[in-house]
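Here's work.txt, which has compact mmCIF, C-alpha atoms:
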# COMPACT_ATOMS: atom_id res chain seq x y z
CA MET A 41 13.57 18.22 18.20
CA THR A 42 10.50 19.30 16.25
CA LEU A 43 8.26 22.17 17.41
CA TYR A 44 5.49 19.60 18.01
CA ALA A 45 7.78 17.59 20.30
CA ARG A 46 8.78 20.74 22.19
CA LEU A 47 5.22 21.89 22.77
CA VAL A 48 3.49 18.56 23.47
CA PRO A 49 4.62 16.42 26.44
CA ALA A 50 5.85 12.90 25.63
CA ALA A 51 3.01 11.23 27.58
CA VAL A 52 0.42 13.20 25.62
CA ARG A 53 2.13 12.40 22.31
CA LEU A 54 1.98 8.70 23.19
CA ARG A 55 -1.77 8.89 23.82
CA LEU A 56 -2.36 10.87 20.65
CA ARG A 57 -0.33 8.58 18.39
CA PRO A 58 -3.07 5.98 17.71
CA HIS A 59 -5.59 8.71 16.92
CA LEU A 60 -3.16 10.45 14.56
CA GLN A 61 -2.37 7.16 12.84
CA ARG A 62 -6.06 6.38 12.38
CA ALA A 63 -6.70 9.86 10.98
CA LEU A 64 -3.94 9.31 8.42
CA GLU A 65 -5.43 5.90 7.52
CA VAL A 66 -8.95 7.25 7.05
CA SER A 67 -7.73 10.20 5.00
CA GLY A 68 -5.56 8.02 2.77
CA LEU A 69 -2.43 9.98 3.61
CA ILE A 70 -0.89 6.93 5.27
CA GLY A 71 -0.39 5.47 1.79
CA VAL A 72 1.74 8.45 0.76
CA LEU A 73 3.88 8.13 3.90
CA HIS A 74 4.20 4.36 3.56
CA ARG A 75 5.33 4.55 -0.06
CA ARG A 76 7.80 7.31 0.81
CA GLN A 77 9.34 5.05 3.44
CA GLU A 78 9.54 2.21 0.90
CA ARG A 79 11.50 4.50 -1.43
CA ARG A 80 13.93 5.44 1.34
CA LEU A 81 14.77 1.93 2.51
CA PRO A 82 16.66 0.81 -0.64
CA GLN A 83 19.05 3.71 -0.09
CA ALA A 84 20.43 1.96 3.00
CA PRO A 85 23.54 0.03 1.92
CA ALA A 86 23.33 -3.78 2.00
CA PRO A 87 26.30 -6.12 1.50
CA PRO A 88 26.45 -7.66 -1.99
CA PHE A 89 25.23 -11.24 -2.29
CA ASP A 90 25.25 -13.67 -5.22
CA ASP A 91 23.46 -17.04 -5.15
CA GLY A 92 23.97 -17.72 -8.85
CA LEU A 93 20.44 -16.60 -9.77
CA PRO A 94 19.13 -13.23 -10.96
CA MET A 95 18.77 -10.87 -7.98
CA PRO A 96 15.98 -8.28 -7.99
CA PRO A 97 16.96 -4.64 -7.52
CA ALA A 98 16.93 -3.24 -4.01
CA GLU A 99 13.66 -1.36 -4.44
CA LEU A 100 11.83 -4.60 -5.30
CA LEU A 101 13.40 -6.48 -2.39
CA VAL A 102 12.03 -3.78 -0.09
CA LEU A 103 8.52 -4.18 -1.52
CA VAL A 104 8.39 -7.85 -0.56
CA GLY A 105 10.30 -7.83 2.72
CA ALA A 106 11.00 -4.25 3.86
CA SER A 107 14.72 -5.00 3.44
CA SER A 108 17.23 -4.67 0.61
CA ASP A 109 19.33 -7.53 2.01
CA GLY A 110 19.90 -10.02 -0.82
CA ARG A 111 21.19 -12.70 1.54
CA TRP A 112 17.99 -12.57 3.61
CA PHE A 113 15.90 -12.70 0.43
CA SER A 114 17.77 -15.65 -1.03
CA GLU A 115 18.38 -17.80 2.04
CA GLY A 116 14.94 -17.17 3.54
CA GLY A 117 13.28 -17.99 0.22
CA ARG A 118 15.27 -21.18 -0.14
CA GLU A 119 14.33 -22.27 3.39
CA HIS A 120 10.64 -21.61 2.82
CA ALA A 121 10.73 -23.34 -0.59
CA ALA A 122 12.18 -26.45 1.05
CA MET A 123 9.56 -26.22 3.77
CA PHE A 124 6.69 -26.06 1.26
CA SER A 125 8.16 -28.83 -0.89
CA SER A 126 8.58 -31.09 2.14
CA LEU A 127 5.05 -30.45 3.43
CA ALA A 128 3.55 -31.04 0.00
CA GLY A 129 5.46 -34.33 -0.35
CA LYS A 130 4.35 -35.42 3.10
CA HIS A 131 0.73 -35.06 1.98
CA GLY A 132 1.00 -36.64 -1.44
CA VAL A 133 2.09 -33.91 -3.89
CA ASP A 134 5.67 -34.23 -5.17
CA VAL A 135 6.72 -30.87 -6.60
CA GLY A 136 9.37 -32.62 -8.73
CA LYS A 137 6.98 -35.08 -10.39
CA ALA A 138 4.73 -33.36 -12.92
CA ALA A 139 2.95 -31.13 -10.40
CA ASP A 140 1.10 -28.02 -11.55
CA VAL A 141 1.95 -25.36 -8.93
CA TRP A 142 0.56 -21.89 -8.21
CA ASP A 143 2.56 -19.41 -6.11
CA LEU A 144 -0.09 -16.96 -4.89
CA GLY A 145 1.56 -13.66 -3.97
CA CYS A 146 4.85 -14.55 -5.62
CA GLY A 147 6.38 -11.08 -5.24
CA CYS A 148 9.69 -10.94 -7.11
CA GLY A 149 10.26 -14.67 -6.75
CA ARG A 150 11.67 -15.08 -3.25
CA ILE A 151 10.33 -18.68 -3.14
CA ALA A 152 9.66 -19.17 -6.85
CA ARG A 153 13.37 -18.83 -7.71
CA TRP A 154 13.82 -22.21 -5.98
CA LEU A 155 10.51 -24.02 -6.56
CA ALA A 156 9.78 -23.05 -10.18
CA PRO A 157 12.88 -24.85 -11.58
CA GLU A 158 12.07 -27.93 -9.49
CA ALA A 159 8.49 -28.13 -10.77
CA ILE A 160 9.40 -27.51 -14.41
CA ALA A 161 12.36 -29.92 -14.39
CA GLY A 162 10.00 -32.62 -13.10
CA GLY A 163 7.67 -32.23 -16.06
CA GLY A 164 5.16 -30.02 -14.26
CA ALA A 165 4.17 -26.39 -14.61
CA PHE A 166 4.64 -23.31 -12.45
CA THR A 167 2.51 -20.17 -12.25
CA GLY A 168 3.08 -17.19 -9.99
CA SER A 169 0.74 -14.26 -9.45
CA ASP A 170 0.95 -11.02 -7.53
CA ILE A 171 -0.94 -7.80 -6.98
CA ASN A 172 2.04 -5.62 -7.94
CA ARG A 173 2.78 -5.25 -11.65
CA ARG A 174 6.43 -4.24 -11.12
CA LEU A 175 7.09 -7.47 -9.23
CA VAL A 176 5.30 -9.59 -11.82
CA ASP A 177 7.16 -7.93 -14.69
CA TRP A 178 10.57 -8.51 -13.10
CA THR A 179 9.82 -12.14 -12.24
CA SER A 180 8.44 -12.84 -15.73
CA ALA A 181 11.66 -11.52 -17.25
CA HIS A 182 14.09 -13.38 -14.99
CA LEU A 183 12.64 -16.66 -13.69
CA PRO A 184 11.19 -19.78 -15.34
CA GLY A 185 7.43 -20.26 -15.27
CA ARG A 186 4.60 -17.90 -16.13
CA TYR A 187 3.67 -14.93 -13.97
CA LEU A 188 0.35 -13.11 -13.89
CA LEU A 189 -1.12 -10.00 -12.34
CA ASN A 190 -4.01 -10.61 -9.95
CA GLY A 191 -6.24 -8.08 -8.25
CA LEU A 192 -7.03 -7.64 -4.60
CA LYS A 193 -10.43 -9.14 -5.30
CA THR A 194 -11.15 -12.57 -6.76
CA PRO A 195 -11.42 -14.34 -9.14
CA THR A 196 -8.12 -14.76 -10.95
CA SER A 197 -7.79 -15.72 -14.61
CA LEU A 198 -6.64 -19.26 -13.71
CA ALA A 199 -8.73 -22.14 -14.94
CA PRO A 200 -10.87 -24.05 -12.45
CA LYS A 201 -9.55 -27.37 -11.14
CA SER A 202 -6.19 -26.83 -12.85
CA LYS A 203 -3.63 -26.94 -10.01
CA ASP A 204 -2.20 -29.71 -7.85
CA LEU A 205 -0.59 -27.37 -5.32
CA VAL A 206 -1.18 -23.78 -4.24
CA TYR A 207 1.06 -22.10 -1.73
CA ALA A 208 0.97 -18.56 -0.36
CA TYR A 209 3.51 -17.12 2.04
CA SER A 210 2.35 -13.99 3.91
CA VAL A 211 -0.68 -13.28 1.75
CA LEU A 212 -3.58 -13.94 4.13
CA THR A 213 -1.59 -11.95 6.71
CA HIS A 214 -2.32 -8.71 4.82
CA LEU A 215 -6.07 -9.22 4.29
CA ARG A 216 -9.21 -8.55 6.27
CA GLU A 217 -11.38 -11.53 7.16
CA LYS A 218 -13.85 -11.03 4.31
CA ALA A 219 -11.00 -11.11 1.80
CA VAL A 220 -9.47 -14.17 3.46
CA ARG A 221 -12.77 -16.00 2.95
CA ALA A 222 -12.88 -14.94 -0.71
CA TRP A 223 -9.32 -16.10 -1.37
CA LEU A 224 -9.98 -19.46 0.28
CA GLU A 225 -12.86 -19.87 -2.15
CA GLU A 226 -10.62 -18.92 -5.08
CA VAL A 227 -7.87 -21.34 -4.06
CA HIS A 228 -10.49 -24.09 -3.80
CA ARG A 229 -11.88 -23.17 -7.24
CA VAL A 230 -8.46 -23.45 -8.87
CA LEU A 231 -7.35 -26.67 -7.13
CA ARG A 232 -8.16 -30.09 -8.47
CA PRO A 233 -10.23 -32.20 -6.05
CA GLY A 234 -7.72 -33.57 -3.55
CA GLY A 235 -5.18 -30.86 -4.39
CA LEU A 236 -3.18 -29.19 -1.64
CA ALA A 237 -3.08 -25.64 -0.34
CA LEU A 238 -0.27 -24.46 1.95
CA LEU A 239 -1.25 -21.07 3.33
CA THR A 240 0.61 -19.15 6.00
CA PHE A 241 -0.96 -16.94 8.66
CA HIS A 242 -0.10 -15.15 11.91
CA ASP A 243 -1.25 -17.52 14.67
CA GLU A 244 -1.02 -17.14 18.44
CA CYS A 245 2.41 -18.84 18.55
CA TYR A 246 3.85 -16.43 16.02
CA ALA A 247 2.17 -13.53 17.81
CA GLY A 248 3.72 -14.58 21.12
CA ALA A 249 7.24 -14.54 19.68
CA TRP A 250 7.12 -11.86 17.00
CA GLY A 251 3.86 -9.95 17.29
CA PRO A 252 3.37 -6.42 18.63
CA PRO A 253 2.49 -5.95 22.30
CA GLY A 254 -1.05 -6.91 23.26
CA VAL A 255 -1.88 -9.11 20.28
CA VAL A 256 -1.76 -12.41 22.18
CA GLY A 257 -4.16 -11.11 24.81
CA ARG A 258 -6.53 -9.81 22.16
CA LEU A 259 -6.51 -13.15 20.35
CA GLU A 260 -7.82 -14.76 23.53
CA ARG A 261 -10.92 -12.57 23.14
CA GLU A 262 -11.10 -11.93 19.38
CA PRO A 263 -10.46 -14.69 16.83
CA PHE A 264 -9.43 -12.33 14.00
CA ILE A 265 -7.57 -9.03 14.46
CA VAL A 266 -6.53 -6.40 11.93
CA LEU A 267 -3.75 -3.94 12.79
CA ASN A 268 -2.93 -0.85 10.72
CA ASP A 269 -6.32 -1.08 9.04
CA ALA A 270 -5.60 0.55 5.67
CA MET A 271 -4.01 -0.32 2.33
CA GLU A 272 -5.37 -3.88 2.31
CA GLY A 273 -3.09 -6.24 0.41
CA SER A 274 0.05 -4.25 1.26
CA ASN A 275 2.66 -4.84 3.95
CA TYR A 276 1.16 -1.98 5.95
CA LEU A 277 -1.93 -3.94 7.07
CA SER A 278 -1.38 -7.04 9.18
CA SER A 279 -3.97 -9.58 10.29
CA TRP A 280 -3.75 -12.12 13.12
CA THR A 281 -5.96 -15.11 13.80
CA THR A 282 -6.03 -18.21 15.95
CA ALA A 283 -5.36 -21.65 14.54
CA VAL A 284 -8.86 -22.71 15.58
CA HIS A 285 -10.46 -19.82 13.70
CA LEU A 286 -8.41 -20.36 10.54
CA GLU A 287 -9.44 -23.99 10.60
CA ALA A 288 -13.09 -22.94 10.90
CA LEU A 289 -12.74 -20.57 7.93
CA ALA A 290 -11.21 -23.31 5.78
CA ALA A 291 -13.33 -26.28 6.88
CA PRO A 292 -16.32 -25.79 4.53
CA LEU A 293 -14.06 -26.13 1.47
CA PHE A 294 -11.05 -28.08 2.69
CA GLU A 295 -10.04 -30.99 4.83
CA VAL A 296 -7.63 -29.46 7.33
CA LEU A 297 -4.73 -31.95 7.32
CA GLU A 298 -2.63 -30.07 9.86
CA ILE A 299 -1.80 -26.65 11.23
CA VAL A 300 1.93 -26.12 11.62
CA PRO A 301 2.37 -23.53 14.40
CA GLY A 302 4.40 -20.40 13.85
CA ARG A 303 8.03 -20.81 14.85
CA ARG A 304 9.53 -19.06 17.84
CA ASP A 305 13.18 -19.61 16.88
CA ASN A 306 12.88 -17.60 13.67
CA PRO A 307 10.07 -15.54 12.12
CA THR A 308 8.35 -18.29 10.12
CA GLN A 309 4.57 -18.00 10.06
CA ALA A 310 2.06 -20.74 10.86
CA ILE A 311 0.99 -22.92 7.91
CA ALA A 312 -2.45 -24.31 7.21
CA VAL A 313 -2.16 -27.55 5.20
CA LEU A 314 -5.46 -28.02 3.39
CA ARG A 315 -6.83 -30.62 0.96
CA ALA A 316 -9.55 -29.46 -1.42
CA ARG A 317 -12.88 -31.19 -0.94
CA ALA A 318 -14.76 -32.39 -4.01
CA GLU A 319 -17.82 -30.23 -4.70
Let me see the structure of the file written as structure tokens.
Amino acid sequence: MTLYARLVPAAVRLRLRPHLQRALEVSGLIGVLHRRQERRLPQAPAPPFDDGLPMPPAELLVLVGASSDGRWFSEGGREHAAMFSSLAGKHGVDVGKAADVWDLGCGCGRIARWLAPEAIAGGGAFTGSDINRRLVDWTSAHLPGRYLLNGLKTPTSLAPKSKDLVYAYSVLTHLREKAVRAWLEEVHRVLRPGGLALLTFHDECYAGAWGPPGVVGRLEREPFIVLNDAMEGSNYLSSWTTAVHLEALAAPLFEVLEIVPGRRDNPTQAIAVLRARAE
């Protein structure tokens, strides 16, 4: 037991915890602690796993999913790739038939390892982008397609009206509302008129099954919530919004084709299926 724990009663420590966390966030020290934890996680042993494709090193797996488990990375990525491919096909974009695809927030290729070969084999093109240079460098060296570094702020270097499909898994979920609006504008800029965007977010269904205590109640009063409000764009910050509010954010630029609710049987986020309006 630490000296702090000996001197300060547990009930008092519980009340102080949010204030201490906020002080660390405001000071910037939370970033140091968060990165230290990321360096420790890969040291935990994970069973070996081989899916026949290049597997990122443990420290990169942790950066995208807080776990060094290769099986989780591979099988979860394959499931989400199939989900995106199916949704895109349902709404008129066949990934395997000359589609130009952008994976926004590609990480080290958790989904791209499955979708990039499908797009390229069908005569299309595949581009991934991410905010982390280490992830982009690894993916560029090991997976088909081209991979670019993007910043936290828009725009990207992608040409306007150049993509048929944009998907982003757990990207909006690490942004404040102002940044979400900016990235919706950037996705619209890059999509061809009528192109599709498949963007995941933490909705009230996901919050009810997988969210921290109190989030569902807050969403009944606040349409957009930010938890751990520091290090925007990293896994530390998480944002939560209602399906109705996400639809309102997207509606000026997109036709909202459907909102697929977050799943309760496994931690799969809600998906906004959007068609780009012509300007």
Cut-off 12 Å: closest stretch 233-278 of chain A/stretch 97-103 of chain A atom pairs per residue, using only C-alpha atoms, as a Markdown table:
| residue | atom | partner | partner_atom | distance |
| --- | --- | --- | --- | --- |
| A:Gly273 | CA | A:Leu103 | CA | 11.9 |
| A:Ser274 | CA | A:Leu103 | CA | 8.9 |
| A:Asn275 | CA | A:Leu103 | CA | 8.0 |
| A:Tyr276 | CA | A:Leu103 | CA | 10.7 |
Atoms kept (C-alpha atoms) for selection, written as a short mmCIF file (atom, residue, chain, number, x, y, z; two decimals), in the coordinates of the input:
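Produced file part-v8.cif, reproduced below:
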data_model
loop_
_atom_site.label_atom_id
_atom_site.label_comp_id
_atom_site.auth_asym_id
_atom_site.auth_seq_id
_atom_site.Cartn_x
_atom_site.Cartn_y
_atom_site.Cartn_z
CA GLY A 273 -3.09 -6.24 0.41
CA SER A 274 0.05 -4.25 1.26
CA ASN A 275 2.66 -4.84 3.95
CA TYR A 276 1.16 -1.98 5.95
#
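Comparing the minimum interatomic distances between A:Asp204 and each of A:Ala316, A:Cys146, A:Val300, A:Ala122, counting all atoms listed in the file, we find that A:Ala316 sits nearest.
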Exercise for the section: Mind giving me the straight-line distance from atom CA of A:Gly234 to atom CA of A:Thr167 in Å, one decimal? Expected result: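 Between atom CA of A:Gly234 and atom CA of A:Thr167 the gap is 19.0 Å.
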Problem - Which residue of A:Thr179, A:Asn268, A:Asn190, A:Gln309 approaches A:Leu212 most closely, using all atoms listed in the file - result: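 Answer, going by the shortest atom-to-atom distance: A:Gln309.
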Handout entry: Given all atoms listed in the file as the counted atoms, nearest of A:Ser114, A:Thr308, A:Thr196, A:Ser107 to A:Asp91
Key =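 Ranking A:Ser114, A:Thr308, A:Thr196, A:Ser107 by distance to A:Asp91, first place goes to A:Ser114.
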Problem - Between atom CA of A:His228 and atom CA of A:Trp154 - distance in Å to one decimal - result: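 For atom CA of A:Trp154 relative to atom CA of A:His228, the distance reads 24.5 Å.
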Exercise for the section: Between A:Phe113, A:Leu175, A:Leu215, A:Leu236, single out the one closest to A:Met271, counting all atoms listed in the file. Expected result: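 Using all atoms listed in the file, the shortest distance to A:Met271 belongs to A:Leu215.
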Handout entry: Distance of atom CA of A:Glu217 from atom CA of A:Gly251, expressed in Å to one decimal place
Key = 18.4 Å
